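*Asks:* My file is structure.cif. It has mmCIF, C-alpha atoms and all ligand atoms:
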data_structure
#
loop_
_atom_site.label_atom_id
_atom_site.label_comp_id
_atom_site.auth_asym_id
_atom_site.auth_seq_id
_atom_site.Cartn_x
_atom_site.Cartn_y
_atom_site.Cartn_z
CA MET L 12 20.80 -12.75 17.43
CA THR L 13 20.22 -9.38 19.08
CA THR L 14 21.34 -6.44 16.91
CA VAL L 15 22.04 -2.91 18.06
CA PHE L 16 21.66 -0.20 15.40
CA THR L 17 23.82 2.74 16.39
CA ASN L 18 24.87 6.14 15.06
CA ILE L 19 21.36 7.14 13.93
CA SER L 20 21.16 10.90 13.39
CA GLU L 21 17.38 10.95 13.75
CA LEU L 22 15.05 8.08 14.49
CA ARG L 23 11.50 8.86 13.41
CA THR L 24 9.43 6.51 15.56
CA VAL L 25 6.03 7.72 14.23
CA ALA L 26 4.89 7.11 17.80
CA GLU L 27 4.69 8.95 21.10
CA ALA L 28 8.49 9.27 21.32
CA GLY L 29 8.46 11.34 18.12
CA THR L 30 11.84 11.94 16.50
CA ILE L 31 14.84 10.91 18.64
CA ASN L 32 18.16 12.53 17.76
CA ASP L 33 21.47 10.65 18.20
CA ALA L 34 19.49 7.46 18.64
CA ALA L 35 19.98 3.72 18.88
CA LEU L 36 17.54 0.86 18.30
CA VAL L 37 17.78 -2.76 19.42
CA ALA L 38 16.26 -5.59 17.36
CA ALA L 39 15.71 -8.84 19.28
CA ASP L 40 16.42 -12.22 17.69
CA ASP L 41 12.70 -12.70 16.97
CA GLY L 42 12.77 -9.68 14.65
CA THR L 43 10.90 -7.31 16.96
CA ILE L 44 12.10 -4.08 18.52
CA ALA L 45 13.48 -4.59 22.03
CA TRP L 46 14.55 -1.04 22.82
CA VAL L 47 14.65 2.49 21.31
CA GLY L 48 16.14 5.67 22.76
CA THR L 49 19.07 8.03 22.72
CA ALA L 50 22.39 6.29 22.17
CA ASP L 51 23.78 7.50 25.49
CA ALA L 52 20.92 5.73 27.32
CA LEU L 53 21.50 2.31 25.69
CA PRO L 54 21.23 -0.27 28.50
CA THR L 55 24.56 -2.00 29.33
CA GLU L 56 22.96 -5.42 28.77
CA TYR L 57 23.36 -4.77 25.01
CA ALA L 58 27.07 -3.93 25.22
CA ASP L 59 28.17 -7.30 23.76
CA ALA L 60 25.44 -7.58 21.09
CA GLU L 61 26.22 -7.28 17.38
CA GLN L 62 26.41 -3.60 16.41
CA ILE L 63 25.47 -2.04 13.07
CA ASP L 64 26.80 1.49 12.68
CA LEU L 65 24.42 3.44 10.43
CA GLY L 66 26.91 6.23 9.89
CA GLY L 67 24.87 9.17 11.14
CA ARG L 68 21.89 8.47 8.87
CA ALA L 69 18.17 9.00 9.43
CA VAL L 70 15.94 5.98 10.12
CA LEU L 71 12.19 5.65 9.57
CA PRO L 72 9.80 2.70 9.82
CA GLY L 73 9.78 0.79 6.53
CA TRP L 74 7.08 2.07 4.20
CA VAL L 75 3.78 0.18 4.35
CA ASP L 76 2.49 0.01 0.77
CA SER L 77 -1.16 -0.79 1.35
CA HIS L 78 -2.39 -0.67 -2.27
CA THR L 79 -0.69 -2.41 -5.19
CA HIS L 80 -1.65 -4.59 -8.14
CA MET L 81 1.56 -6.60 -8.61
CA VAL L 82 0.28 -9.72 -10.34
CA PHE L 83 0.31 -8.72 -13.99
CA ASP L 84 2.27 -9.24 -17.18
CA GLY L 85 2.78 -6.79 -20.04
CA ASN L 86 2.67 -3.03 -19.96
CA ARG L 87 0.49 -0.23 -21.31
CA ALA L 88 3.10 2.30 -22.34
CA GLU L 89 1.15 3.20 -25.49
CA GLU L 90 -2.00 3.90 -23.48
CA PHE L 91 0.07 6.07 -21.14
CA GLU L 92 1.65 7.98 -23.99
CA ALA L 93 -1.76 8.64 -25.54
CA ARG L 94 -2.95 9.92 -22.16
CA MET L 95 -0.04 12.31 -21.95
CA ALA L 96 -1.20 13.54 -25.37
CA GLY L 97 -4.67 14.28 -24.02
CA GLU L 98 -6.67 11.00 -23.86
CA ASP L 99 -8.69 10.34 -20.70
CA TYR L 100 -8.05 7.30 -18.49
CA ALA L 101 -10.80 4.67 -18.75
CA ALA L 102 -11.20 1.37 -16.90
CA GLY L 103 -11.36 -0.56 -20.19
CA GLY L 104 -7.56 -0.73 -20.38
CA ILE L 105 -7.68 -3.34 -17.63
CA ALA L 106 -8.75 -5.88 -20.29
CA VAL L 107 -5.41 -5.44 -22.10
CA THR L 108 -3.56 -6.44 -18.94
CA MET L 109 -6.04 -9.27 -18.37
CA ASP L 110 -5.07 -10.79 -21.72
CA ALA L 111 -1.34 -10.51 -21.01
CA THR L 112 -1.74 -11.90 -17.48
CA ARG L 113 -3.87 -14.85 -18.53
CA SER L 114 -1.22 -15.74 -21.12
CA ALA L 115 1.63 -15.74 -18.59
CA SER L 116 2.79 -18.95 -16.91
CA GLU L 117 2.68 -19.26 -13.14
CA GLU L 118 6.49 -19.28 -13.03
CA ARG L 119 6.59 -16.05 -15.02
CA LEU L 120 4.08 -14.38 -12.70
CA LYS L 121 6.09 -15.48 -9.67
CA GLU L 122 9.25 -14.05 -11.15
CA LEU L 123 7.51 -10.75 -11.88
CA VAL L 124 6.05 -10.42 -8.39
CA ARG L 125 9.37 -11.42 -6.78
CA ASP L 126 11.13 -8.69 -8.77
CA ARG L 127 8.47 -6.13 -7.90
CA VAL L 128 8.77 -6.87 -4.19
CA ALA L 129 12.56 -6.58 -4.46
CA ALA L 130 12.21 -3.20 -6.21
CA GLY L 131 9.86 -2.02 -3.47
CA ARG L 132 12.32 -3.07 -0.80
CA ALA L 133 15.07 -1.21 -2.61
CA GLY L 134 12.94 1.88 -2.06
CA GLY L 135 12.39 1.28 1.65
CA THR L 136 9.10 -0.64 1.59
CA THR L 137 8.83 -3.49 4.09
CA THR L 138 5.10 -4.31 4.06
CA PHE L 139 3.11 -4.97 0.89
CA GLU L 140 -0.54 -5.50 0.08
CA THR L 141 -1.39 -6.67 -3.42
CA LYS L 142 -4.55 -7.46 -5.32
CA THR L 143 -5.76 -9.97 -7.84
CA GLY L 144 -7.89 -8.42 -10.58
CA TYR L 145 -6.14 -9.09 -13.88
CA GLY L 146 -7.34 -12.70 -14.13
CA LEU L 147 -11.10 -12.10 -14.10
CA ASN L 148 -12.02 -15.76 -14.29
CA VAL L 149 -11.94 -18.39 -11.56
CA GLU L 150 -8.74 -20.11 -12.64
CA SER L 151 -6.67 -16.97 -13.19
CA GLU L 152 -7.92 -15.20 -10.08
CA VAL L 153 -7.03 -18.21 -7.91
CA GLN L 154 -3.62 -18.38 -9.55
CA ALA L 155 -3.03 -14.66 -8.91
CA ALA L 156 -4.05 -14.99 -5.26
CA LYS L 157 -1.74 -17.96 -4.72
CA VAL L 158 1.20 -16.30 -6.44
CA ALA L 159 0.69 -13.08 -4.46
CA SER L 160 0.42 -14.86 -1.12
CA GLU L 161 3.91 -16.32 -1.61
CA PHE L 162 5.49 -12.88 -1.68
CA VAL L 163 3.41 -10.25 0.12
CA ASP L 164 1.89 -9.67 3.55
CA ASP L 165 -1.76 -9.13 2.61
CA VAL L 166 -3.67 -10.26 -0.48
CA THR L 167 -6.93 -8.76 -1.73
CA PHE L 168 -9.46 -10.39 -4.06
CA LEU L 169 -10.42 -7.93 -6.80
CA GLY L 170 -12.45 -10.09 -9.17
CA ALA L 171 -14.73 -7.03 -9.44
CA HIS L 172 -12.10 -4.96 -11.25
CA LEU L 173 -13.78 -4.96 -14.67
CA VAL L 174 -16.48 -6.98 -16.39
CA PRO L 175 -14.35 -8.99 -18.86
CA PRO L 176 -15.10 -8.18 -22.51
CA GLY L 177 -17.97 -10.28 -23.83
CA ALA L 178 -19.30 -11.25 -20.40
CA ASP L 179 -22.80 -10.38 -19.23
CA GLU L 180 -22.48 -7.82 -16.42
CA ALA L 181 -25.13 -9.25 -14.06
CA GLU L 182 -23.88 -12.81 -14.58
CA TYR L 183 -20.29 -11.76 -13.98
CA VAL L 184 -21.19 -10.06 -10.68
CA GLU L 185 -22.87 -13.28 -9.54
CA GLU L 186 -19.82 -15.29 -10.59
CA VAL L 187 -17.52 -13.02 -8.59
CA ALA L 188 -19.77 -13.10 -5.52
CA GLY L 189 -20.30 -16.86 -5.87
CA PRO L 190 -17.90 -19.44 -7.32
CA MET L 191 -14.96 -17.09 -7.82
CA LEU L 192 -15.09 -15.84 -4.23
CA GLU L 193 -15.51 -19.40 -2.97
CA ALA L 194 -12.34 -20.48 -4.82
CA VAL L 195 -10.20 -17.43 -4.04
CA ALA L 196 -11.20 -16.79 -0.39
CA PRO L 197 -8.83 -19.38 1.15
CA HIS L 198 -5.86 -17.48 -0.31
CA VAL L 199 -6.76 -13.88 0.59
CA GLN L 200 -7.54 -11.66 3.58
CA TRP L 201 -9.49 -8.86 1.84
CA ILE L 202 -12.13 -8.19 -0.79
CA ASP L 203 -12.20 -5.07 -2.96
CA VAL L 204 -14.37 -3.60 -5.74
CA PHE L 205 -13.66 -0.96 -8.38
CA CYS L 206 -16.77 1.10 -7.63
CA GLU L 207 -16.66 3.59 -10.48
CA ARG L 208 -18.34 4.53 -13.74
CA GLY L 209 -17.12 2.08 -16.40
CA ALA L 210 -16.57 -0.60 -13.74
CA PHE L 211 -19.12 -1.54 -11.00
CA ASN L 212 -22.08 0.48 -9.72
CA GLU L 213 -23.19 0.80 -6.10
CA GLU L 214 -25.57 -2.15 -6.15
CA GLU L 215 -23.04 -4.47 -7.79
CA SER L 216 -20.30 -3.32 -5.45
CA ARG L 217 -22.47 -3.90 -2.40
CA ARG L 218 -23.37 -7.40 -3.60
CA VAL L 219 -19.72 -8.39 -3.98
CA LEU L 220 -18.47 -6.75 -0.78
CA GLU L 221 -21.24 -8.22 1.36
CA ALA L 222 -20.54 -11.68 -0.04
CA GLY L 223 -16.85 -11.24 0.86
CA LYS L 224 -17.72 -10.05 4.34
CA GLU L 225 -19.87 -13.13 4.87
CA LYS L 226 -16.84 -15.22 3.96
CA GLY L 227 -14.89 -13.48 6.72
CA LEU L 228 -12.85 -11.17 4.46
CA GLY L 229 -12.05 -7.59 5.38
CA VAL L 230 -13.43 -4.91 3.06
CA ARG L 231 -11.55 -2.39 0.91
CA VAL L 232 -12.99 -0.20 -1.85
CA HIS L 233 -11.62 1.61 -4.93
CA GLY L 234 -13.77 4.73 -4.77
CA ASN L 235 -14.20 8.28 -6.04
CA GLN L 236 -11.27 8.05 -8.46
CA LEU L 237 -12.79 9.43 -11.66
CA GLY L 238 -15.66 11.45 -10.26
CA GLU L 239 -17.88 11.82 -7.22
CA GLY L 240 -19.76 8.61 -6.56
CA PRO L 241 -21.01 6.15 -3.98
CA GLY L 242 -17.64 4.49 -3.17
CA VAL L 243 -16.76 6.40 -0.01
CA ALA L 244 -20.24 6.21 1.52
CA LEU L 245 -20.46 2.49 0.77
CA ALA L 246 -17.02 1.86 2.26
CA VAL L 247 -17.91 3.66 5.48
CA GLU L 248 -21.29 1.94 5.70
CA LEU L 249 -19.72 -1.51 5.32
CA GLY L 250 -16.92 -0.76 7.81
CA ALA L 251 -14.18 -0.98 5.18
CA ALA L 252 -10.62 -0.75 6.46
CA SER L 253 -9.87 1.65 3.64
CA VAL L 254 -11.29 3.44 0.64
CA ASP L 255 -8.67 4.16 -1.96
CA HIS L 256 -8.13 6.94 -4.54
CA VAL L 257 -10.55 9.52 -2.97
CA ASN L 258 -9.89 12.17 -5.61
CA TYR L 259 -13.43 13.53 -5.87
CA LEU L 260 -15.05 13.99 -2.48
CA SER L 261 -18.18 15.83 -1.38
CA GLU L 262 -18.27 17.56 2.01
CA GLU L 263 -20.56 14.73 3.11
CA ASP L 264 -17.99 12.10 2.07
CA ILE L 265 -15.32 13.87 4.12
CA ALA L 266 -17.60 14.11 7.15
CA LYS L 267 -18.43 10.40 6.86
CA LEU L 268 -14.75 9.47 6.68
CA ALA L 269 -13.90 11.69 9.64
CA GLY L 270 -16.52 9.94 11.76
CA SER L 271 -15.34 6.45 10.82
CA GLU L 272 -12.50 3.96 11.16
CA THR L 273 -12.14 3.83 7.38
CA VAL L 274 -8.75 5.05 6.20
CA ALA L 275 -8.67 7.30 3.12
CA THR L 276 -5.79 5.98 1.02
CA MET L 277 -4.26 8.46 -1.38
CA LEU L 278 -2.35 7.32 -4.47
CA PRO L 279 -0.46 10.39 -5.66
CA ALA L 280 1.61 8.64 -8.34
CA CYS L 281 -1.64 7.41 -9.91
CA ASP L 282 -3.18 10.87 -9.78
CA LEU L 283 -0.23 12.32 -11.68
CA SER L 284 -0.11 9.45 -14.16
CA THR L 285 -3.81 9.77 -14.97
CA ARG L 286 -3.85 13.58 -14.82
CA GLN L 287 -6.56 13.50 -12.18
CA PRO L 288 -6.61 16.16 -9.47
CA LEU L 289 -4.49 15.04 -6.52
CA ALA L 290 -6.53 13.69 -3.61
CA PRO L 291 -7.29 16.53 -1.19
CA GLY L 292 -4.87 15.34 1.48
CA ARG L 293 -4.57 18.64 3.34
CA LYS L 294 -8.34 18.95 3.59
CA LEU L 295 -8.76 15.36 4.73
CA ILE L 296 -6.19 15.67 7.50
CA ASP L 297 -7.61 19.01 8.64
CA ALA L 298 -11.04 17.35 8.84
CA GLY L 299 -9.67 14.62 11.11
CA VAL L 300 -9.64 11.80 8.54
CA THR L 301 -6.96 9.10 8.90
CA VAL L 302 -5.02 9.04 5.64
CA ALA L 303 -2.60 6.60 4.07
CA ILE L 304 -0.30 6.97 1.08
CA ALA L 305 0.35 3.99 -1.21
CA SER L 306 2.03 3.45 -4.58
CA ASN L 307 -0.84 1.72 -6.47
CA LEU L 308 1.79 -0.10 -8.53
CA ASN L 309 0.00 -1.32 -11.70
CA PRO L 310 0.60 -1.09 -15.45
CA GLY L 311 -2.41 1.11 -16.21
CA THR L 312 -2.43 4.07 -13.86
CA SER L 313 0.73 3.99 -11.73
CA TYR L 314 3.68 1.98 -12.97
CA THR L 315 5.89 2.68 -9.97
CA SER L 316 6.47 1.16 -6.56
CA SER L 317 8.37 4.21 -5.31
CA MET L 318 6.92 5.22 -1.98
CA ASN L 319 9.69 7.83 -1.75
CA TYR L 320 8.21 9.49 -4.84
CA CYS L 321 4.70 9.34 -3.36
CA VAL L 322 5.86 10.92 -0.10
CA THR L 323 7.75 13.62 -2.00
CA THR L 324 4.60 14.40 -3.99
CA ALA L 325 2.45 14.48 -0.85
CA VAL L 326 4.73 17.14 0.64
CA LEU L 327 5.42 19.21 -2.46
CA GLN L 328 2.02 19.07 -4.11
CA GLN L 329 -0.57 17.92 -1.58
CA HIS L 330 0.69 20.25 1.13
CA LEU L 331 1.26 17.65 3.82
CA THR L 332 4.04 18.35 6.28
CA LEU L 333 6.94 15.91 6.20
CA ASP L 334 5.74 14.34 9.47
CA GLU L 335 2.22 13.90 8.08
CA ALA L 336 3.46 12.36 4.85
CA ILE L 337 5.77 9.93 6.63
CA GLU L 338 2.99 8.95 9.02
CA ALA L 339 0.56 8.39 6.14
CA ALA L 340 3.06 6.11 4.34
CA THR L 341 3.89 4.11 7.46
CA LEU L 342 1.33 4.09 10.28
CA GLY L 343 -1.46 5.17 7.90
CA GLY L 344 -0.76 2.19 5.64
CA ALA L 345 -0.57 -0.10 8.66
CA LYS L 346 -3.99 1.14 9.80
CA ALA L 347 -5.38 0.59 6.30
CA LEU L 348 -4.26 -3.04 6.61
CA ARG L 349 -5.21 -3.28 10.30
CA ARG L 350 -1.58 -4.09 11.12
CA HIS L 351 -1.03 -1.14 13.44
CA ALA L 352 -0.16 -1.49 17.13
CA VAL L 353 -3.04 -1.77 19.51
CA ASP L 354 -1.27 -3.25 22.52
CA GLY L 355 2.41 -3.64 23.43
CA GLY L 356 3.61 -3.17 19.87
CA LYS L 357 1.29 -5.91 18.58
CA ASP L 358 -1.64 -5.58 16.18
CA ALA L 359 -5.18 -6.75 16.87
CA GLN L 360 -4.18 -10.30 15.86
CA GLY L 361 -1.15 -10.31 18.17
CA ARG L 362 1.36 -9.97 15.31
CA PRO L 363 4.33 -7.56 15.55
CA ALA L 364 2.86 -4.27 14.44
CA LYS L 365 3.95 -2.36 11.33
CA GLY L 366 4.47 1.32 10.65
CA GLN L 367 5.89 2.47 14.00
CA LEU L 368 9.22 1.98 15.74
CA VAL L 369 8.03 0.95 19.19
CA VAL L 370 8.99 -1.89 21.50
CA GLY L 371 7.30 -5.12 20.44
CA ALA L 372 6.69 -3.98 16.84
CA ALA L 373 8.50 -5.39 13.80
CA ALA L 374 12.08 -4.13 13.44
CA ASP L 375 11.35 -2.96 9.89
CA LEU L 376 13.72 -0.09 9.18
CA HIS L 377 14.19 2.29 6.27
CA VAL L 378 17.65 3.86 6.48
CA LEU L 379 17.95 7.02 4.38
CA ASP L 380 21.18 8.06 2.74
CA ALA L 381 20.94 11.40 4.53
CA ASP L 382 21.07 12.66 8.07
CA ASN L 383 17.58 14.15 7.85
CA ALA L 384 14.34 12.85 6.34
CA ILE L 385 13.40 16.24 4.94
CA ASN L 386 15.74 15.32 2.09
CA LEU L 387 12.87 13.19 0.75
CA ALA L 388 11.18 16.43 -0.32
CA TYR L 389 14.12 18.85 -0.34
CA ARG L 390 16.05 16.73 -2.88
CA PRO L 391 13.20 15.25 -4.92
CA GLY L 392 14.07 12.40 -7.22
CA MET L 393 17.55 11.90 -5.76
CA PRO L 394 18.46 8.40 -4.50
CA ALA L 395 17.13 8.39 -0.94
CA THR L 396 17.16 4.83 0.38
CA TYR L 397 20.44 3.53 1.81
CA GLN L 398 19.36 0.24 3.38
CA THR L 399 16.18 -1.63 4.26
CA TYR L 400 15.80 -4.07 7.16
CA LEU L 401 12.90 -6.49 7.53
CA ALA L 402 12.43 -7.93 11.03
CA GLY L 403 15.95 -6.78 11.86
CA LYS L 404 17.57 -8.44 8.82
CA LYS L 405 18.99 -6.52 5.88
CA VAL L 406 16.97 -7.02 2.68
CA HIS L 407 18.46 -4.19 0.65
CA GLY L 408 21.71 -2.18 0.54
O1 LIG L 501 -6.14 1.35 -8.80
N1 LIG L 501 -8.62 1.89 -10.51
C1 LIG L 501 -8.64 0.69 -10.66
N2 LIG L 501 -7.60 -0.14 -10.69
C2 LIG L 501 -6.25 0.31 -10.89
C3 LIG L 501 -5.95 0.57 -12.32
C4 LIG L 501 -6.15 -0.59 -13.16
C5 LIG L 501 -5.66 -0.48 -14.58
O2 LIG L 501 -5.98 0.47 -15.30
O3 LIG L 501 -4.97 -1.42 -14.97
C6 LIG L 501 -6.02 1.52 -10.02
O4 LIG L 501 -5.73 2.62 -10.49
#
What does the file become when written as C-alpha cells?

*Replies:*
Amino acid sequence: MTTVFTNISELRTVAEAGTINDAALVAADDGTIAWVGTADALPTEYADAEQIDLGGRAVLPGWVDSHTHMVFDGNRAEEFEARMAGEDYAAGGIAVTMDATRSASEERLKELVRDRVAAGRAGGTTTFETKTGYGLNVESEVQAAKVASEFVDDVTFLGAHLVPPGADEAEYVEEVAGPMLEAVAPHVQWIDVFCERGAFNEEESRRVLEAGKEKGLGVRVHGNQLGEGPGVALAVELGAASVDHVNYLSEEDIAKLAGSETVATMLPACDLSTRQPLAPGRKLIDAGVTVAIASNLNPGTSYTSSMNYCVTTAVLQQHLTLDEAIEAATLGGAKALRRHAVDGGKDAQGRPAKGQLVVGAAADLHVLDADNAINLAYRPGMPATYQTYLAGKKVHG
C-alpha cells in the first residue's frame, strides 16, 4: 500500500535536497521512498493513497547505529560505579560478560536482543549492526552470530575481543583466525578486532583481519580507544569500512583517514562512560574525514542504545553542528556499513539505501516530537522520538 506522510514541518533528507519545509513524503508498497518534496507539489496521482498526518513534526532518516554489542547477558554496574569513583577502564571486564553470556540459553539471548532492538527503535534507530565477542569460543560465537542475524541488519564477528582467561594468546589468535572464523563466517558480513593494549596487538589484529578478508568478510576495527596505537593505520591499510572509537589520534592518523574510504566512527556515550576524552569530531570533519556516530551499546563501556543522546553529545560537547551530527548518525553510519546510496537510492549491492531520504532508498523515518530537530540539542535529555517507521511501516509510537 502506498502511504503519503503529510504535515511535516521540516524534512531533513540528508541529501542534495537538504531540509524541506512544509514537506510530504511518499512510501511505496515495497517500503522504498517514491517521492519527497514540498506538500504543495505532491503529485495528484497520490491523492487517493493512505495519508498519515504527522502533525507538523520534524522528520529525519532513521538513525543508523553502526556499532553495537547486543548479544550479552548480565551487567557490570559495579565496574561502572568503581570507574566513576576513579578506576580506569580495562579490557579485562569483557571476561565477566563472557561468563554471563556463555551461561545464558539461546532463548534468553534472543529475548535480550529482541528487547534491545525494540528499545533502539523507540529512540528512532532503524538500522542496526551488532557484534559477537562475548562468547570467545567456537560454540558461543556461532550462537551469538546466529542470534544476532535474526534481529539486526549487519553482524560482525569479534572473536578477537579478548583472549579468554586461561587461554594461550598465540593459540587463541590462531583459533579465531582458523576454526572459529570458519564456523562463524556463514552467519556474518564483517570481521572486527579490538586492537588495543590489553587486547590484541598489531600483528595479531592483522592476522585475524586478513583471514576474515580472505573469507570474503568486510573489515572493521576497534582502534585508538585507550591510547594512540596502530588501529587506525591498520584499518586504512586493509581498506576497512570503519575504524571505531578514534579517541587518540596522531596527525598522521587523521591524514590517513582523510585520504581513505575508511569511516571514523565516534562513540560519544562510551567516551563519557569510560571518562576518555571525546573523539575529536570537529577536527576530523575539518580535516575532511567521513565520520559516523554510533551508540556502542554494551554492558562494559556504553550501556545505552540512545542515538538521540549521542547526537546531543556530539553537538554540545564535540562541537559538531546539528546538520553534521545528524549526518554522522544517519548517512555516516550507512557509509560505515556500506549501505549508503550509490545509484538511484540503492546501495552497492542494489538494496534500498539507508541514512538518506531520497527516492529509491528505504522509507525509514524518525519522527521527532517537535517541529524542529534542533530540539535534540536545545532540550537535551527530553523525550525526542515520536514515531519510528521502518520501510514505511510504523515500528514505534
Ligand atoms: O567497544 N572496546 C571494546 N569493546 C567494547 C567494550 C567491551 C566491554 O568492556 O565489555 C567497546 O567499548

*Asks:* What does the structure give for the distance between atom CA of Gly103 of chain L and atom CA of Glu207 of chain L, in Å to one decimal?

*Replies:*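 Answer for the atom CA of Gly103 of chain L to atom CA of Glu207 of chain L separation: 11.8 Å.
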
*Asks:* Using only C-alpha atoms and all ligand atoms, what are the residues with an atom within 8 Å of ligand LIG 501 (chain L), set out as a list in words?

*Replies:*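 Every residue with an atom at most 8 Å from ligand LIG 501 (chain L) is listed here: His78, Thr79, His80, Tyr100, Ala101, Ala102, Gly103, Gly104, Ile105, Ala106, Thr108, Tyr145, His172, Phe205, His233, Gln236, Asp255, His256, Cys281, Asn307, Asn309, Pro310, Gly311, Thr312 and Ser313 of chain L.
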
*Asks:* Extract, using only C-alpha atoms, all DNA, RNA and protein residues at most 9 Å from Pro391 of chain L, discarding same-chain residues fewer than 4 positions from it, and format them as a PyMOL selection string.

*Replies:* chain L and resi 319-320+323-324+386-387+395

*Asks:* Interatomic distance between atom CA of Ala69 of chain L and atom CA of Asp165 of chain L?

*Replies:*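 Taking atom CA of Ala69 of chain L and atom CA of Asp165 of chain L, their separation equals 27.8 Å.
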
*Asks:* Which is closer to Ala384 of chain L than all the others in L:Leu36, L:Ala275, L:Ala352, L:Leu333, using all atoms listed in the file?

*Replies:* L:Leu333

*Asks:* Which polymer residues have any atom within 9 Å of an atom of Val149 of chain L, counting all atoms listed in the file, with same-chain residues fewer than 5 positions away left out, as a compact mmCIF listing (two decimals) with C-alpha atoms, in the frame of the given file?

*Replies:*
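Saved as part-v2.txt:
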# COMPACT_ATOMS: atom_id res chain seq x y z
CA GLN L 154 -3.62 -18.38 -9.55
CA GLY L 170 -12.45 -10.09 -9.17
CA GLU L 186 -19.82 -15.29 -10.59
CA VAL L 187 -17.52 -13.02 -8.59
CA PRO L 190 -17.90 -19.44 -7.32
CA MET L 191 -14.96 -17.09 -7.82
CA LEU L 192 -15.09 -15.84 -4.23
CA ALA L 194 -12.34 -20.48 -4.82
CA VAL L 195 -10.20 -17.43 -4.04

*Asks:* Which distance in Å separates atom CA of Phe16 of chain L and atom CA of Ala38 of chain L, to one decimal?

*Replies:*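 One can read the atom CA of Phe16 of chain L to atom CA of Ala38 of chain L distance as 7.9 Å.
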
*Asks:* Do you have, as JSON lines, the list of residues of segment 262-303 of chain L lying at most 10 Å from segment 85-99 of chain L, each with its nearest atom pair and that distance in Å to one decimal, counting all atoms listed in the file and ordered by chain then number?

*Replies:*
{"residue": "L:Ser284", "atom": "CA", "partner": "L:Phe91", "partner_atom": "CA", "distance": 7.8}
{"residue": "L:Thr285", "atom": "CA", "partner": "L:Arg94", "partner_atom": "CA", "distance": 7.2}
{"residue": "L:Arg286", "atom": "CA", "partner": "L:Met95", "partner_atom": "CA", "distance": 8.2}
{"residue": "L:Gln287", "atom": "CA", "partner": "L:Asp99", "partner_atom": "CA", "distance": 9.3}

*Asks:* Tell me, as a PyMOL selection string, which residues lie within 10 Å of segment 362-367 of chain L, counting all atoms listed in the file; anything in the same chain fewer than 3 positions away does not count.

*Replies:* chain L and resi 23-27+41-44+71-75+137-138+337-346+348-359+370-376+402

*Asks:* Between L:Val378, L:Leu169, L:Ala388, L:Met277, which residue has the minimum interatomic distance to Gly67 of chain L, considering all atoms listed in the file?

*Replies:* L:Val378

*Asks:* Hey, what's within 9 Å of Leu220 of chain L if we count all atoms listed in the file and toss same-chain stuff fewer than 6 positions away? As a PyMOL selection string, please?

*Replies:* chain L and resi 188+202-204+228-232+249

*Asks:* In file coordinates, which residues lie within 10 Å of (17.5, 8.4, 18.5) using all atoms listed in the file, given as an NGL selection string?

*Replies:* :L and (17-24 or 28-36 or 47-52 or 69-70)

*Asks:* From the options L:Met81, L:Met109, L:Ile385, L:Ala155, which residue's atoms come nearest to Glu140 of chain L, counting only C-alpha atoms?

*Replies:*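 Nearest candidate to Glu140 of chain L out of L:Met81, L:Met109, L:Ile385, L:Ala155: L:Met81.
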
*Asks:* With distances taken over only C-alpha atoms, which residue among L:Gln328, L:Thr143, L:Thr136, L:Asn212 lies nearest Leu401 of chain L?

*Replies:*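 Ranking L:Gln328, L:Thr143, L:Thr136, L:Asn212 by distance to Leu401 of chain L, first place goes to L:Thr136.
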
*Asks:* Give me the residues within 7 Å of Gly146 of chain L as a ChimeraX atom specification, counting all atoms listed in the file and dropping any in the same chain fewer than 6 places off.

*Replies:* /L:109,112-113,152

*Asks:* Just to be explicit: take each residue in the selection above, keep C-alpha atoms, and write the result as a compact mmCIF listing (two decimals), keeping the file's coordinate frame.

*Replies:*
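Writing done, so here's again.txt:
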# COMPACT_ATOMS: atom_id res chain seq x y z
CA MET L 109 -6.04 -9.27 -18.37
CA THR L 112 -1.74 -11.90 -17.48
CA ARG L 113 -3.87 -14.85 -18.53
CA GLU L 152 -7.92 -15.20 -10.08

*Asks:* Could you give me, as a list in words, the residues that have an atom at most 10 Å away from the point (-2.4, -17.6, -6.1) in the coordinates of the file, using all atoms listed in the file?

*Replies:*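 I get Val82, Glu117, Leu120, Lys121, Thr143, Glu150, Ser151, Glu152, Val153, Gln154, Ala155, Ala156, Lys157, Val158, Ala159, Ser160, Glu161, Val166, Val195, Pro197, His198 and Val199 of chain L for the residues within 10 Å of that point.
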
*Asks:* Using all atoms listed in the file, pick whichever of L:Leu65, L:Ala115, L:Leu245, L:Val124 has the shortest atom-to-atom distance to Thr399 of chain L.

*Replies:* L:Leu65

*Asks:* Considering all atoms listed in the file, state which residue in the set L:Leu295, L:Asp282, L:Leu308, L:Val15 is at the smallest distance from Thr141 of chain L.

*Replies:*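 Using all atoms listed in the file, the shortest distance to Thr141 of chain L belongs to L:Leu308.
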